[in-house]
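target_29.tsv follows (TSV, C-alpha atoms):
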```
chain	number	residue	atom	x	y	z
I	1	GLY	CA	-127.88	-98.46	153.76
I	2	ALA	CA	-130.89	-96.50	155.04
I	3	ALA	CA	-130.27	-97.60	158.63
I	4	ARG	CA	-126.67	-96.40	158.81
I	5	GLY	CA	-126.04	-94.03	161.68
I	6	VAL	CA	-128.98	-95.22	163.79
I	7	GLU	CA	-128.02	-95.27	167.47
I	8	SER	CA	-128.91	-97.84	170.11
I	9	VAL	CA	-131.59	-97.02	172.69
I	10	PRO	CA	-132.17	-98.65	176.08
I	11	GLY	CA	-133.13	-102.27	175.48
I	12	VAL	CA	-132.19	-102.25	171.79
I	13	ARG	CA	-128.66	-102.76	170.49
I	14	VAL	CA	-128.01	-101.44	166.99
I	15	GLU	CA	-125.38	-103.29	164.95
I	16	SER	CA	-123.62	-101.77	161.95
I	17	ALA	CA	-123.11	-104.22	159.11
I	18	PRO	CA	-119.74	-104.09	157.35
I	19	GLY	CA	-121.40	-105.34	154.15
I	20	SER	CA	-124.79	-106.93	153.55
I	21	GLY	CA	-127.18	-106.16	156.38
I	22	ASP	CA	-129.06	-109.44	155.87
I	23	ASP	CA	-125.85	-111.48	155.98
I	24	HIS	CA	-124.81	-109.70	159.17
I	25	MET	CA	-128.18	-110.42	160.79
I	26	VAL	CA	-127.88	-114.10	159.89
I	27	GLU	CA	-124.38	-114.16	161.39
I	28	LEU	CA	-125.63	-112.54	164.62
I	29	VAL	CA	-128.49	-115.04	164.86
I	30	ALA	CA	-126.13	-117.95	164.27
I	31	ARG	CA	-123.87	-116.76	167.11
I	32	ALA	CA	-126.70	-116.11	169.59
I	33	ALA	CA	-129.30	-118.78	168.84
I	34	ASP	CA	-127.71	-121.47	171.04
I	35	ASP	CA	-127.38	-119.12	174.03
I	36	ARG	CA	-130.71	-117.28	174.10
I	37	ALA	CA	-133.99	-116.66	172.33
I	38	VAL	CA	-133.64	-114.44	169.26
I	39	LEU	CA	-136.33	-112.30	167.66
I	40	VAL	CA	-135.76	-110.82	164.20
I	41	VAL	CA	-138.16	-108.14	162.98
I	42	THR	CA	-138.33	-108.09	159.20
I	43	ALA	CA	-140.72	-108.18	156.26
I	44	ASP	CA	-138.10	-109.77	154.01
I	45	ARG	CA	-139.19	-113.33	153.15
I	46	GLU	CA	-135.72	-114.63	152.36
I	47	LEU	CA	-134.27	-113.23	155.59
I	48	ARG	CA	-137.19	-114.76	157.51
I	49	ARG	CA	-136.37	-118.14	156.01
I	50	ARG	CA	-132.66	-117.88	156.76
I	51	VAL	CA	-133.03	-116.89	160.40
I	52	THR	CA	-135.84	-119.32	161.24
I	53	GLU	CA	-133.63	-122.14	159.96
I	54	LEU	CA	-131.21	-121.08	162.72
I	55	GLY	CA	-133.93	-121.15	165.37
I	56	ALA	CA	-134.90	-117.47	165.56
I	57	GLU	CA	-138.44	-116.25	166.03
I	58	VAL	CA	-139.63	-113.73	163.43
I	59	ALA	CA	-142.12	-110.88	163.65
I	60	GLY	CA	-143.26	-108.36	161.06
I	61	PRO	CA	-142.47	-104.65	161.27
I	62	ARG	CA	-146.01	-103.78	162.35
I	63	THR	CA	-145.31	-105.42	165.71
I	64	VAL	CA	-142.89	-102.62	166.65
I	65	ARG	CA	-144.44	-99.59	164.97
I	66	PRO	CA	-146.05	-97.01	167.24
I	67	ARG	CA	-149.79	-96.63	166.73
```
Could you take the file, read its structure, and then write that structure out as structure tokens?
Amino acid sequence: GAARGVESVPGVRVESAPGSGDDHMVELVARAADDRAVLVVTADRELRRRVTELGAEVAGPRTVRPR
């Protein structure tokens, strides 16, 4: 909910989830994982588990925060 209305920037595509954001991310990973490397940035342990099972790499939010 808090991310609604965020716009894409060069190099980063923003996806709007029709329902659960986590479920949508898992769906996107499932569609893309066979075609290319996927990196999911999240601190959510359950989401980390779900996407790594599909072959995604995972990084924590601190990896993308400006210093």
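A straight line drawn from CA of Asp44 in chain I to CA of Pro10 in chain I is 25.4 Å long.
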TODO: Considering all atoms listed in the file, state which residue in the set I:Arg4, I:Arg45, I:Ala30, I:Val38 is at the smallest distance from Pro18 in chain I.
DONE: I:Arg4
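In this comparison, which uses all atoms listed in the file, the residue of I:Val26, I:Val40, I:Val14, I:Val6 approaching Ala59 in chain I most closely is I:Val40.
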Open item on the list: Using Å and a single decimal, report how far CA of Ser20 in chain I sits from CA of Leu47 in chain I.
Closed with: 11.6 Å
Open item on the list: Quick one: residues within 7 Å of Thr42 in chain I, only C-alpha atoms, excluding same-chain residues fewer than 3 positions away - as a PyMOL selection string?
Closed with: chain I and resi 48+59-61
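These residues, each with an atom at most 12 Å from (-138.0, -109.0, 168.3) using only C-alpha atoms, are Gly11, Val12, Arg13, Val29, Ala37, Val38, Leu39, Val40, Val41, Thr42, Ala56, Glu57, Val58, Ala59, Gly60, Pro61, Arg62, Thr63, Val64 and Arg65 of chain I.
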Coordinates of box centre and edge lengths for range 45-56 of chain I, 3 Å on every side, axis-aligned, as lines of an AutoDock Vina configuration file:
```
center_x = -135.2
center_y = -117.7
center_z = 159.0
size_x = 14.0
size_y = 14.9
size_z = 19.2
```
- [ ] For CA of Gly55 in chain I and CA of Gly5 in chain I, quote the distance in Å rounded to one decimal.
- [x] 28.5 Å
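Counting only C-alpha atoms, the residue from I:Glu15, I:Asp35, I:Asp22, I:Glu7 that sits nearest to Arg49 in chain I is I:Asp22.
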